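Visitor: protein.pdb is the file, holding PDB, C-alpha atoms:
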```
ATOM      1  CA  MET N 178       0.000   0.000   0.000
ATOM      2  CA  ALA N 179       1.234   3.509  -0.879
ATOM      3  CA  ALA N 180       0.636   6.820   0.855
ATOM      4  CA  THR N 181      -1.981   9.229  -0.415
ATOM      5  CA  ALA N 182      -0.660  12.566  -1.663
ATOM      6  CA  LYS N 183      -1.597  15.625   0.397
ATOM      7  CA  ASN N 184      -3.133  18.596  -1.339
ATOM      8  CA  TYR N 185      -1.099  21.666  -0.360
ATOM      9  CA  ASN N 186      -1.765  23.765  -3.453
ATOM     10  CA  ALA N 187      -1.166  27.511  -3.316
ATOM     11  CA  ASN N 188      -2.993  27.973  -6.603
ATOM     12  CA  GLN N 189      -6.242  26.903  -4.953
ATOM     13  CA  ILE N 190      -6.266  29.966  -2.715
ATOM     14  CA  ILE N 191      -8.195  33.127  -3.533
ATOM     15  CA  LEU N 192      -6.612  36.456  -2.715
ATOM     16  CA  GLY N 193      -8.367  39.671  -3.567
ATOM     17  CA  PRO N 194      -9.130  42.267  -4.565
ATOM     18  CA  CYS N 195     -12.063  41.570  -6.842
ATOM     19  CA  ASP N 196     -14.639  43.602  -8.724
ATOM     20  CA  VAL N 197     -18.431  43.565  -8.679
ATOM     21  CA  TRP N 198     -20.229  44.062 -11.988
ATOM     22  CA  VAL N 199     -23.950  44.830 -11.983
ATOM     23  CA  ASN N 200     -26.316  44.141 -14.880
ATOM     24  CA  THR N 201     -24.058  41.816 -16.857
ATOM     25  CA  ALA N 202     -25.100  39.673 -19.804
ATOM     26  CA  LEU N 203     -26.687  36.294 -19.135
ATOM     27  CA  PRO N 204     -24.708  33.228 -20.266
ATOM     28  CA  ALA N 205     -26.416  30.487 -22.243
ATOM     29  CA  ALA N 206     -26.879  26.999 -20.838
ATOM     30  CA  SER N 207     -23.542  25.250 -20.193
ATOM     31  CA  SER N 208     -21.762  28.524 -20.914
ATOM     32  CA  ARG N 209     -20.049  31.335 -19.065
ATOM     33  CA  ILE N 210     -19.875  35.134 -19.266
ATOM     34  CA  THR N 211     -17.439  36.433 -21.892
ATOM     35  CA  LEU N 212     -14.452  38.243 -20.378
ATOM     36  CA  ALA N 213     -11.966  40.610 -21.988
ATOM     37  CA  ALA N 214      -8.256  39.852 -21.632
ATOM     38  CA  ASP N 215      -8.055  42.004 -18.480
ATOM     39  CA  GLY N 216     -10.818  40.080 -16.717
ATOM     40  CA  THR N 217     -13.520  42.710 -17.173
ATOM     41  CA  PRO N 218     -16.818  41.774 -18.846
ATOM     42  CA  ASP N 219     -16.510  41.959 -22.628
ATOM     43  CA  ASP N 220     -17.891  45.340 -23.686
ATOM     44  CA  VAL N 221     -19.544  44.082 -26.885
ATOM     45  CA  THR N 222     -21.683  41.571 -25.049
ATOM     46  CA  ASN N 223     -22.101  43.534 -21.810
ATOM     47  CA  THR N 224     -23.332  46.855 -23.113
ATOM     48  CA  ALA N 225     -25.244  47.929 -20.002
ATOM     49  CA  VAL N 226     -22.938  46.627 -17.297
ATOM     50  CA  ILE N 227     -22.159  48.890 -14.298
ATOM     51  CA  HIS N 228     -18.978  48.610 -12.251
ATOM     52  CA  LEU N 229     -19.786  48.815  -8.538
ATOM     53  CA  GLY N 230     -16.529  50.656  -7.886
ATOM     54  CA  MET N 231     -14.798  50.675  -4.516
ATOM     55  CA  THR N 232     -15.981  48.723  -1.499
ATOM     56  CA  GLU N 233     -15.189  49.385   2.125
ATOM     57  CA  ALA N 234     -13.668  46.016   2.953
ATOM     58  CA  GLY N 235     -14.120  43.669   0.036
ATOM     59  CA  VAL N 236     -16.994  41.430  -0.915
ATOM     60  CA  THR N 237     -18.544  38.306   0.609
ATOM     61  CA  PHE N 238     -20.130  35.503  -1.369
ATOM     62  CA  GLU N 239     -22.419  33.207   0.561
ATOM     63  CA  TYR N 240     -24.221  30.057  -0.487
ATOM     64  CA  THR N 241     -26.431  28.615   2.221
ATOM     65  CA  PRO N 242     -28.355  25.383   1.863
ATOM     66  CA  GLU N 243     -31.218  24.662   4.221
ATOM     67  CA  VAL N 244     -31.224  20.950   4.848
ATOM     68  CA  GLN N 245     -34.033  19.085   6.533
ATOM     69  CA  ASP N 246     -32.942  16.027   8.508
ATOM     70  CA  PHE N 247     -35.483  13.264   8.987
ATOM     71  CA  THR N 248     -35.325  11.175  12.132
ATOM     72  CA  SER N 249     -37.117   8.170  13.506
ATOM     73  CA  ASP N 250     -38.050   7.050  16.936
ATOM     74  CA  GLU N 251     -35.869   3.992  16.606
ATOM     75  CA  LEU N 252     -32.613   5.720  15.687
ATOM     76  CA  THR N 253     -30.551   8.330  17.491
ATOM     77  CA  ALA N 254     -29.269   9.985  14.318
ATOM     78  CA  PRO N 255     -31.077  11.266  11.219
ATOM     79  CA  HIS N 256     -31.464   8.595   8.573
ATOM     80  CA  LEU N 257     -32.339  10.885   5.653
ATOM     81  CA  SER N 258     -31.568  14.467   4.627
ATOM     82  CA  ARG N 259     -33.049  16.601   1.914
ATOM     83  CA  LEU N 260     -32.224  20.047   0.531
ATOM     84  CA  ILE N 261     -35.281  22.167   1.270
ATOM     85  CA  SER N 262     -34.103  25.560   0.057
ATOM     86  CA  GLU N 263     -30.895  27.344  -0.849
ATOM     87  CA  SER N 264     -29.818  30.938  -0.983
ATOM     88  CA  ALA N 265     -26.893  32.624  -2.714
ATOM     89  CA  ARG N 266     -25.910  36.217  -2.111
ATOM     90  CA  ILE N 267     -23.103  38.701  -2.706
ATOM     91  CA  THR N 268     -22.708  41.265   0.077
ATOM     92  CA  GLY N 269     -20.508  44.155   1.158
ATOM     93  CA  ASN N 270     -20.466  47.936   1.562
ATOM     94  CA  PHE N 271     -19.952  50.111  -1.490
ATOM     95  CA  LEU N 272     -18.394  53.544  -1.304
ATOM     96  CA  GLN N 273     -19.376  55.272  -4.540
ATOM     97  CA  VAL N 274     -22.845  56.274  -3.415
ATOM     98  CA  PHE N 275     -22.760  59.212  -5.823
ATOM     99  CA  ASN N 276     -23.326  57.050  -8.919
ATOM    100  CA  TRP N 277     -26.849  57.347 -10.262
ATOM    101  CA  ASN N 278     -26.707  54.376 -12.608
ATOM    102  CA  LEU N 279     -25.819  52.276  -9.604
ATOM    103  CA  LEU N 280     -28.382  53.910  -7.330
ATOM    104  CA  GLU N 281     -31.171  53.036  -9.725
ATOM    105  CA  LYS N 282     -30.248  49.366  -9.373
ATOM    106  CA  MET N 283     -29.604  49.582  -5.632
ATOM    107  CA  THR N 284     -32.921  51.133  -4.702
ATOM    108  CA  VAL N 285     -34.916  48.371  -6.425
ATOM    109  CA  GLY N 286     -37.916  50.660  -6.862
ATOM    110  CA  GLY N 287     -35.913  53.766  -7.825
ATOM    111  CA  LYS N 288     -35.982  55.539 -11.161
ATOM    112  CA  LYS N 289     -33.115  57.569 -12.596
ATOM    113  CA  ASN N 290     -33.848  60.817 -14.389
ATOM    114  CA  VAL N 291     -31.230  62.743 -16.328
ATOM    115  CA  ASP N 292     -31.214  66.170 -17.939
ATOM    116  CA  THR N 293     -28.053  66.581 -19.989
ATOM    117  CA  ASN N 294     -28.383  70.334 -20.475
ATOM    118  CA  THR N 295     -24.949  71.753 -19.694
ATOM    119  CA  SER N 296     -26.248  74.671 -17.607
ATOM    120  CA  THR N 297     -29.506  73.402 -16.103
ATOM    121  CA  GLY N 298     -28.857  69.660 -16.246
ATOM    122  CA  TYR N 299     -29.085  67.272 -13.330
ATOM    123  CA  GLU N 300     -29.098  63.645 -12.316
ATOM    124  CA  GLU N 301     -31.918  62.536 -10.077
ATOM    125  CA  LEU N 302     -33.309  59.438  -8.438
ATOM    126  CA  THR N 303     -36.992  59.332  -7.600
ATOM    127  CA  PHE N 304     -38.525  56.561  -5.563
ATOM    128  CA  GLY N 305     -41.765  55.507  -3.947
ATOM    129  CA  GLY N 306     -44.939  53.951  -5.261
ATOM    130  CA  LEU N 307     -43.515  51.179  -7.410
ATOM    131  CA  SER N 308     -44.173  47.626  -6.286
ATOM    132  CA  ASP N 309     -42.221  45.837  -8.983
ATOM    133  CA  ILE N 310     -38.716  44.611  -8.305
ATOM    134  CA  THR N 311     -36.197  45.051 -11.082
ATOM    135  CA  THR N 312     -33.822  42.117 -11.310
ATOM    136  CA  PHE N 313     -30.479  41.780 -13.080
ATOM    137  CA  PRO N 314     -27.383  39.526 -13.196
ATOM    138  CA  VAL N 315     -24.385  40.322 -10.974
ATOM    139  CA  ALA N 316     -20.829  39.026 -11.368
ATOM    140  CA  LEU N 317     -17.945  38.989  -8.920
ATOM    141  CA  ILE N 318     -14.631  38.740 -10.789
ATOM    142  CA  GLY N 319     -11.126  38.356  -9.385
ATOM    143  CA  LYS N 320      -7.692  37.392 -10.632
ATOM    144  CA  ASP N 321      -6.345  33.882 -10.320
ATOM    145  CA  ILE N 322      -3.533  33.753  -7.769
ATOM    146  CA  SER N 323      -1.443  31.517 -10.035
ATOM    147  CA  GLY N 324       0.125  34.567 -11.685
ATOM    148  CA  THR N 325      -1.329  33.814 -15.076
ATOM    149  CA  ALA N 326      -3.682  36.327 -16.697
ATOM    150  CA  GLN N 327      -6.668  34.236 -15.751
ATOM    151  CA  TYR N 328      -9.699  35.051 -13.682
ATOM    152  CA  TRP N 329     -12.389  33.453 -11.544
ATOM    153  CA  VAL N 330     -16.032  34.462 -11.641
ATOM    154  CA  ILE N 331     -19.011  34.117  -9.318
ATOM    155  CA  HIS N 332     -22.059  34.917 -11.401
ATOM    156  CA  LEU N 333     -25.615  35.193 -10.074
ATOM    157  CA  TYR N 334     -28.031  35.202 -13.004
ATOM    158  CA  LYS N 335     -30.932  37.061 -11.437
ATOM    159  CA  THR N 336     -30.627  39.251  -8.365
ATOM    160  CA  TYR N 337     -31.991  42.282  -6.586
ATOM    161  CA  ASN N 338     -30.405  44.371  -3.865
ATOM    162  CA  LYS N 339     -32.082  43.209  -0.678
ATOM    163  CA  ALA N 340     -30.214  45.764   1.434
ATOM    164  CA  GLY N 341     -31.979  48.736  -0.140
ATOM    165  CA  PHE N 342     -30.014  51.925   0.155
ATOM    166  CA  SER N 343     -28.800  53.579   3.346
ATOM    167  CA  PHE N 344     -25.739  55.637   4.140
ATOM    168  CA  THR N 345     -24.526  57.948   6.848
ATOM    169  CA  VAL N 346     -23.049  61.356   6.150
ATOM    170  CA  THR N 347     -20.481  62.453   8.688
ATOM    171  CA  ARG N 348     -17.361  64.570   8.856
ATOM    172  CA  ARG N 349     -15.419  61.685  10.356
ATOM    173  CA  ASP N 350     -15.819  58.999   7.729
ATOM    174  CA  GLN N 351     -16.610  58.444   4.085
ATOM    175  CA  SER N 352     -20.174  57.457   3.285
ATOM    176  CA  LYS N 353     -20.806  53.823   2.510
ATOM    177  CA  ALA N 354     -23.893  51.792   1.812
ATOM    178  CA  PRO N 355     -24.474  48.071   2.299
ATOM    179  CA  PHE N 356     -25.445  45.884  -0.618
ATOM    180  CA  GLU N 357     -26.882  42.388  -0.626
ATOM    181  CA  PHE N 358     -27.474  40.919  -4.058
ATOM    182  CA  MET N 359     -29.883  38.086  -3.460
ATOM    183  CA  GLY N 360     -29.783  35.331  -6.087
ATOM    184  CA  LEU N 361     -33.147  34.250  -7.458
ATOM    185  CA  ALA N 362     -33.813  31.120  -9.491
ATOM    186  CA  ILE N 363     -34.543  31.269 -13.210
ATOM    187  CA  THR N 364     -36.991  28.407 -13.283
ATOM    188  CA  SER N 365     -36.710  27.801 -17.024
ATOM    189  CA  ARG N 366     -32.982  26.995 -16.837
ATOM    190  CA  ALA N 367     -31.860  23.449 -16.158
ATOM    191  CA  ALA N 368     -31.980  22.246 -12.560
ATOM    192  CA  GLY N 369     -28.514  22.674 -11.093
ATOM    193  CA  ASP N 370     -27.905  25.859 -13.103
ATOM    194  CA  GLN N 371     -30.806  28.100 -12.081
ATOM    195  CA  ILE N 372     -29.169  30.550  -9.653
ATOM    196  CA  GLY N 373     -25.607  31.067 -10.858
ATOM    197  CA  ASN N 374     -22.158  29.641 -11.460
ATOM    198  CA  PHE N 375     -18.640  29.815  -9.987
ATOM    199  CA  TRP N 376     -15.848  29.098 -12.418
ATOM    200  CA  HIS N 377     -12.282  29.992 -13.348
ATOM    201  CA  GLN N 378     -10.426  30.258 -16.604
ATOM    202  CA  GLY N 379      -7.829  27.747 -17.672
ATOM    203  CA  ALA N 380      -7.213  24.102 -17.010
ATOM    204  CA  ALA N 381      -8.240  22.403 -13.789
ATOM    205  CA  ASN N 382      -5.892  23.365 -10.961
ATOM    206  CA  THR N 383      -6.552  20.275  -8.909
ATOM    207  CA  ALA N 384      -3.561  18.205  -7.963
TER     208      ALA N 384
ATOM    209  CA  MET F 417     -20.926  20.950 -30.691
ATOM    210  CA  THR F 418     -23.776  21.331 -28.206
ATOM    211  CA  VAL F 419     -27.434  20.888 -29.050
ATOM    212  CA  TYR F 420     -27.882  24.644 -28.893
ATOM    213  CA  GLN F 421     -24.889  25.330 -31.155
ATOM    214  CA  GLU F 422     -26.253  22.906 -33.677
ATOM    215  CA  LYS F 423     -29.560  24.737 -33.557
ATOM    216  CA  ALA F 424     -27.796  28.104 -33.858
ATOM    217  CA  SER F 425     -25.887  26.953 -36.946
ATOM    218  CA  LYS F 426     -29.216  26.634 -38.761
ATOM    219  CA  MET F 427     -30.645  29.951 -37.600
ATOM    220  CA  ALA F 428     -30.242  33.418 -39.056
ATOM    221  CA  LEU F 429     -28.617  34.963 -36.000
ATOM    222  CA  PRO F 430     -28.859  38.747 -35.659
ATOM    223  CA  PRO F 431     -25.755  40.944 -35.259
ATOM    224  CA  LEU F 432     -24.474  41.938 -31.814
ATOM    225  CA  PRO F 433     -25.310  43.202 -29.294
ATOM    226  CA  TRP F 434     -28.043  40.856 -28.188
ATOM    227  CA  THR F 435     -29.774  43.332 -25.953
ATOM    228  CA  HIS F 436     -33.523  43.415 -25.539
ATOM    229  CA  GLU F 437     -33.555  46.925 -26.987
ATOM    230  CA  ALA F 438     -31.657  45.906 -30.121
ATOM    231  CA  LEU F 439     -33.536  42.656 -30.752
ATOM    232  CA  GLY F 440     -37.059  43.604 -29.789
ATOM    233  CA  GLU F 441     -39.303  41.438 -27.610
ATOM    234  CA  GLU F 442     -40.185  38.830 -30.219
ATOM    235  CA  LEU F 443     -36.677  38.078 -31.476
ATOM    236  CA  TYR F 444     -35.259  38.321 -27.946
ATOM    237  CA  CYS F 445     -37.710  35.694 -26.690
ATOM    238  CA  GLN F 446     -36.982  33.473 -29.677
ATOM    239  CA  LEU F 447     -33.207  33.549 -29.153
ATOM    240  CA  ALA F 448     -33.420  33.240 -25.370
ATOM    241  CA  THR F 449     -35.673  30.196 -25.581
ATOM    242  CA  GLN F 450     -34.182  28.375 -28.543
ATOM    243  CA  LEU F 451     -30.528  28.868 -27.597
ATOM    244  CA  GLY F 452     -30.941  27.773 -23.983
ATOM    245  CA  TYR F 453     -30.688  30.995 -21.998
ATOM    246  CA  PHE F 454     -34.098  30.987 -20.339
ATOM    247  CA  ASN F 455     -37.766  31.300 -21.187
ATOM    248  CA  PRO F 456     -38.664  34.998 -21.006
ATOM    249  CA  LYS F 457     -42.356  34.135 -21.055
ATOM    250  CA  ALA F 458     -41.868  32.507 -17.668
ATOM    251  CA  GLU F 459     -40.286  35.649 -16.205
ATOM    252  CA  ARG F 460     -41.475  39.149 -15.447
ATOM    253  CA  LYS F 461     -41.212  41.516 -18.410
ATOM    254  CA  ASP F 462     -38.606  43.687 -16.689
ATOM    255  CA  TYR F 463     -36.119  40.819 -16.551
ATOM    256  CA  ARG F 464     -34.565  40.976 -19.992
ATOM    257  CA  PRO F 465     -30.772  40.780 -19.503
ATOM    258  CA  THR F 466     -28.427  41.022 -22.457
ATOM    259  CA  LEU F 467     -27.761  37.565 -23.885
ATOM    260  CA  ASP F 468     -24.080  36.600 -23.906
ATOM    261  CA  PRO F 469     -23.548  35.245 -27.430
ATOM    262  CA  SER F 470     -20.105  33.677 -26.973
ATOM    263  CA  PRO F 471     -21.077  30.039 -27.782
ATOM    264  CA  PHE F 472     -22.795  31.192 -30.968
ATOM    265  CA  VAL F 473     -20.631  34.030 -32.329
ATOM    266  CA  GLN F 474     -19.102  31.724 -34.936
ATOM    267  CA  PHE F 475     -22.534  31.249 -36.526
ATOM    268  CA  ILE F 476     -23.488  34.909 -36.862
ATOM    269  CA  GLY F 477     -23.730  35.731 -40.556
ATOM    270  CA  LYS F 478     -22.909  32.136 -41.529
ATOM    271  CA  VAL F 479     -26.254  30.475 -41.921
ATOM    272  CA  ASN F 480     -26.259  27.082 -43.592
ATOM    273  CA  LYS F 481     -28.603  28.047 -46.402
ATOM    274  CA  PRO F 482     -29.825  25.354 -48.779
ATOM    275  CA  THR F 483     -27.950  25.473 -52.084
ATOM    276  CA  THR F 484     -29.969  26.793 -55.028
ATOM    277  CA  LYS F 485     -29.635  25.776 -58.670
ATOM    278  CA  GLU F 486     -28.865  28.502 -61.185
TER     279      GLU F 486
END
```
Let's see the structure in the file written out as structure tokens.

Guide:
Amino acid sequence: MAATAKNYNANQIILGPCDVWVNTALPAASSRITLAADGTPDDVTNTAVIHLGMTEAGVTFEYTPEVQDFTSDELTAPHLSRLISESARITGNFLQVFNWNLLEKMTVGGKKNVDTNTSTGYEELTFGGLSDITTFPVALIGKDISGTAQYWVIHLYKTYNKAGFSFTVTRRDQSKAPFEFMGLAITSRAAGDQIGNFWHQGAANTA
Amino acid sequence: MTVYQEKASKMALPPLPWTHEALGEELYCQLATQLGYFNPKAERKDYRPTLDPSPFVQFIGKVNKPTTKE
């Protein structure tokens, strides 16, 4: 009998920073978002994408399954488990609260108005009275630690910002607002690929 | 070649970008459904993300038309 190799692989670590892209294109089944050589979404296929800009302390991705364990009177441990629900979200605090394209997405029920007149123009966000939730894809993209020009992507196909929009204005600190992009299921996609994907460019980096 | 690529090779694919604005509702729904993105009819009308065409770019403008006799 031989020993089993241990898996100490520095290329399987993620080190930031990363970027959040709002309103990306939607990949087809068994496909992935098209990236430019620098790891940003391809501008031909992502014409309406918005870069979230700076965050206070990075971004958190969270996938949480809710599992129901079934027990019996005869056994001390569960004998069956089933996935009841699952949630995927991308959260953090963004700093560029003075971006109206972003605010329109962040407020869920907000509407951006623009007057481009050079002397009397303005940018405005109005809100209140809408009950519809606007949804859009969101991608989190970071560089592979291997040193190659390759990137990893966490892509949620259909989200809304559950955190709404709130920020504090103070002399002592820069304003920041929390975001929580909640992944929703696209029911017409194949089971197993309804909420999003997490992938990286290049060959498998498993040992 | 995937099932969807095979289907795309026989379709007259529109030029990029594949945004809802550029395609219009009818063509958008046709592409989204037939090429495996999602079924827009099963979603609210304000969810119409741009379709990433990368698996099908090679077929744009290269439809396999039946040969005609002169």

Visitor: Name every residue that the PyMOL selection byres ((chain F) within 8 of (chain N)) selects in this structure, writing the answer as a PyMOL selection string with chains first and numbers rising.

Guide: chain F and resi 432-435+451-455+458-459+462-463+465-471

Visitor: Generate a file of the selected residues that holds C-alpha atoms, formatted as an mmCIF file, keeping the file's coordinate frame.

Guide:
```cif
data_model
loop_
_atom_site.group_PDB
_atom_site.id
_atom_site.type_symbol
_atom_site.label_atom_id
_atom_site.label_comp_id
_atom_site.auth_asym_id
_atom_site.auth_seq_id
_atom_site.Cartn_x
_atom_site.Cartn_y
_atom_site.Cartn_z
ATOM 1 C CA LEU F 432 -24.474 41.938 -31.814
ATOM 2 C CA PRO F 433 -25.310 43.202 -29.294
ATOM 3 C CA TRP F 434 -28.043 40.856 -28.188
ATOM 4 C CA THR F 435 -29.774 43.332 -25.953
ATOM 5 C CA LEU F 451 -30.528 28.868 -27.597
ATOM 6 C CA GLY F 452 -30.941 27.773 -23.983
ATOM 7 C CA TYR F 453 -30.688 30.995 -21.998
ATOM 8 C CA PHE F 454 -34.098 30.987 -20.339
ATOM 9 C CA ASN F 455 -37.766 31.300 -21.187
ATOM 10 C CA ALA F 458 -41.868 32.507 -17.668
ATOM 11 C CA GLU F 459 -40.286 35.649 -16.205
ATOM 12 C CA ASP F 462 -38.606 43.687 -16.689
ATOM 13 C CA TYR F 463 -36.119 40.819 -16.551
ATOM 14 C CA PRO F 465 -30.772 40.780 -19.503
ATOM 15 C CA THR F 466 -28.427 41.022 -22.457
ATOM 16 C CA LEU F 467 -27.761 37.565 -23.885
ATOM 17 C CA ASP F 468 -24.080 36.600 -23.906
ATOM 18 C CA PRO F 469 -23.548 35.245 -27.430
ATOM 19 C CA SER F 470 -20.105 33.677 -26.973
ATOM 20 C CA PRO F 471 -21.077 30.039 -27.782
#
```

Visitor: Work out how far atom CA of N:Thr345 is from atom CA of N:Cys195, in Å to one decimal.

Guide: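 Between atom CA of N:Cys195 and atom CA of N:Thr345 the gap works out to 24.7 Å.
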
Visitor: To test your reading of the syntax: which residues would the PyMOL selection byres ((chain N and resi 241) around 12) return for the file shown? Reply as a PyMOL selection string.

Guide: chain N and resi 238-240+242-244+260-267+359-360

Visitor: Write a file of the selected residues as a PDB file, keeping the file's coordinate frame, keeping C-alpha atoms.

Guide:
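Wrote it out as again_7.pdb, contents follow:
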```pdb
ATOM      1  CA  PHE N 238     -20.130  35.503  -1.369  1.00  0.00           C
ATOM      2  CA  GLU N 239     -22.419  33.207   0.561  1.00  0.00           C
ATOM      3  CA  TYR N 240     -24.221  30.057  -0.487  1.00  0.00           C
ATOM      4  CA  PRO N 242     -28.355  25.383   1.863  1.00  0.00           C
ATOM      5  CA  GLU N 243     -31.218  24.662   4.221  1.00  0.00           C
ATOM      6  CA  VAL N 244     -31.224  20.950   4.848  1.00  0.00           C
ATOM      7  CA  LEU N 260     -32.224  20.047   0.531  1.00  0.00           C
ATOM      8  CA  ILE N 261     -35.281  22.167   1.270  1.00  0.00           C
ATOM      9  CA  SER N 262     -34.103  25.560   0.057  1.00  0.00           C
ATOM     10  CA  GLU N 263     -30.895  27.344  -0.849  1.00  0.00           C
ATOM     11  CA  SER N 264     -29.818  30.938  -0.983  1.00  0.00           C
ATOM     12  CA  ALA N 265     -26.893  32.624  -2.714  1.00  0.00           C
ATOM     13  CA  ARG N 266     -25.910  36.217  -2.111  1.00  0.00           C
ATOM     14  CA  ILE N 267     -23.103  38.701  -2.706  1.00  0.00           C
ATOM     15  CA  MET N 359     -29.883  38.086  -3.460  1.00  0.00           C
ATOM     16  CA  GLY N 360     -29.783  35.331  -6.087  1.00  0.00           C
TER      17      GLY N 360
END
```

Visitor: For stretch 420-434 of chain F, take all atoms listed in the file, fit an axis-aligned box around them, add 4 Å to each of the six sides, then output centre and edge lengths in Å rounded to one decimal, as AutoDock Vina command-line options.

Guide:
```
--center_x -27.6 --center_y 33.1 --center_z -33.6 --size_x 14.2 --size_y 28.3 --size_z 18.9
```

Visitor: Would you mind telling me which residue in N:Trp198, N:Tyr185, N:Tyr337, N:Phe358 lies nearest to N:Pro218 when using all atoms listed in the file?

Guide: N:Trp198

Visitor: Calculate how many Å separate atom CA of N:Thr217 from atom CA of F:Cys445, rounding to one decimal.

Guide: 26.9 Å

Visitor: Can you list, as a list in words, the residues that the PyMOL selection byres ((chain F and resi 476) around 12) selects here?

Guide: Gln421, Ala424, Ser425, Lys426, Met427, Ala428, Leu429, Pro430, Pro431, Leu432, Pro433, Trp434, Pro469, Ser470, Pro471, Phe472, Val473, Gln474, Phe475, Gly477, Lys478, Val479 and Asn480 of chain F

Visitor: Which value, in Å to one decimal, gives the distance between atom CA of N:Ile190 and atom CA of N:Ile322?

Guide: 6.9 Å

Visitor: Rebuild stretch 188-200 of chain N to N, CA and C atoms - output it as an mmCIF file, in the coordinates of the input, please.

Guide:
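Heads up, here's the output in result_29.cif:
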```cif
data_model
loop_
_atom_site.group_PDB
_atom_site.id
_atom_site.type_symbol
_atom_site.label_atom_id
_atom_site.label_comp_id
_atom_site.auth_asym_id
_atom_site.auth_seq_id
_atom_site.Cartn_x
_atom_site.Cartn_y
_atom_site.Cartn_z
ATOM 1 N N ASN N 188 -2.159 27.435 -5.516
ATOM 2 C CA ASN N 188 -2.993 27.973 -6.603
ATOM 3 C C ASN N 188 -4.484 27.780 -6.354
ATOM 4 N N GLN N 189 -4.827 27.100 -5.279
ATOM 5 C CA GLN N 189 -6.242 26.903 -4.953
ATOM 6 C C GLN N 189 -6.716 27.894 -3.899
ATOM 7 N N ILE N 190 -5.902 28.913 -3.671
ATOM 8 C CA ILE N 190 -6.266 29.966 -2.715
ATOM 9 C C ILE N 190 -6.791 31.171 -3.497
ATOM 10 N N ILE N 191 -7.724 31.871 -2.922
ATOM 11 C CA ILE N 191 -8.195 33.127 -3.533
ATOM 12 C C ILE N 191 -7.689 34.284 -2.697
ATOM 13 N N LEU N 192 -7.026 35.214 -3.355
ATOM 14 C CA LEU N 192 -6.612 36.456 -2.715
ATOM 15 C C LEU N 192 -7.170 37.605 -3.536
ATOM 16 N N GLY N 193 -7.783 38.547 -2.862
ATOM 17 C CA GLY N 193 -8.367 39.671 -3.567
ATOM 18 C C GLY N 193 -7.325 40.647 -4.058
ATOM 19 N N PRO N 194 -7.750 41.812 -4.552
ATOM 20 C CA PRO N 194 -9.130 42.267 -4.565
ATOM 21 C C PRO N 194 -9.934 41.656 -5.720
ATOM 22 N N CYS N 195 -11.211 42.007 -5.743
ATOM 23 C CA CYS N 195 -12.063 41.570 -6.842
ATOM 24 C C CYS N 195 -12.993 42.735 -7.216
ATOM 25 N N ASP N 196 -13.737 42.547 -8.265
ATOM 26 C CA ASP N 196 -14.639 43.602 -8.724
ATOM 27 C C ASP N 196 -16.060 43.074 -8.853
ATOM 28 N N VAL N 197 -17.022 43.931 -8.531
ATOM 29 C CA VAL N 197 -18.431 43.565 -8.679
ATOM 30 C C VAL N 197 -18.982 44.277 -9.907
ATOM 31 N N TRP N 198 -19.639 43.524 -10.766
ATOM 32 C CA TRP N 198 -20.229 44.062 -11.988
ATOM 33 C C TRP N 198 -21.739 43.814 -11.960
ATOM 34 N N VAL N 199 -22.489 44.887 -12.078
ATOM 35 C CA VAL N 199 -23.950 44.830 -11.983
ATOM 36 C C VAL N 199 -24.554 44.910 -13.384
ATOM 37 N N ASN N 200 -25.592 44.127 -13.611
ATOM 38 C CA ASN N 200 -26.316 44.141 -14.880
ATOM 39 C C ASN N 200 -25.473 43.594 -16.040
#
```
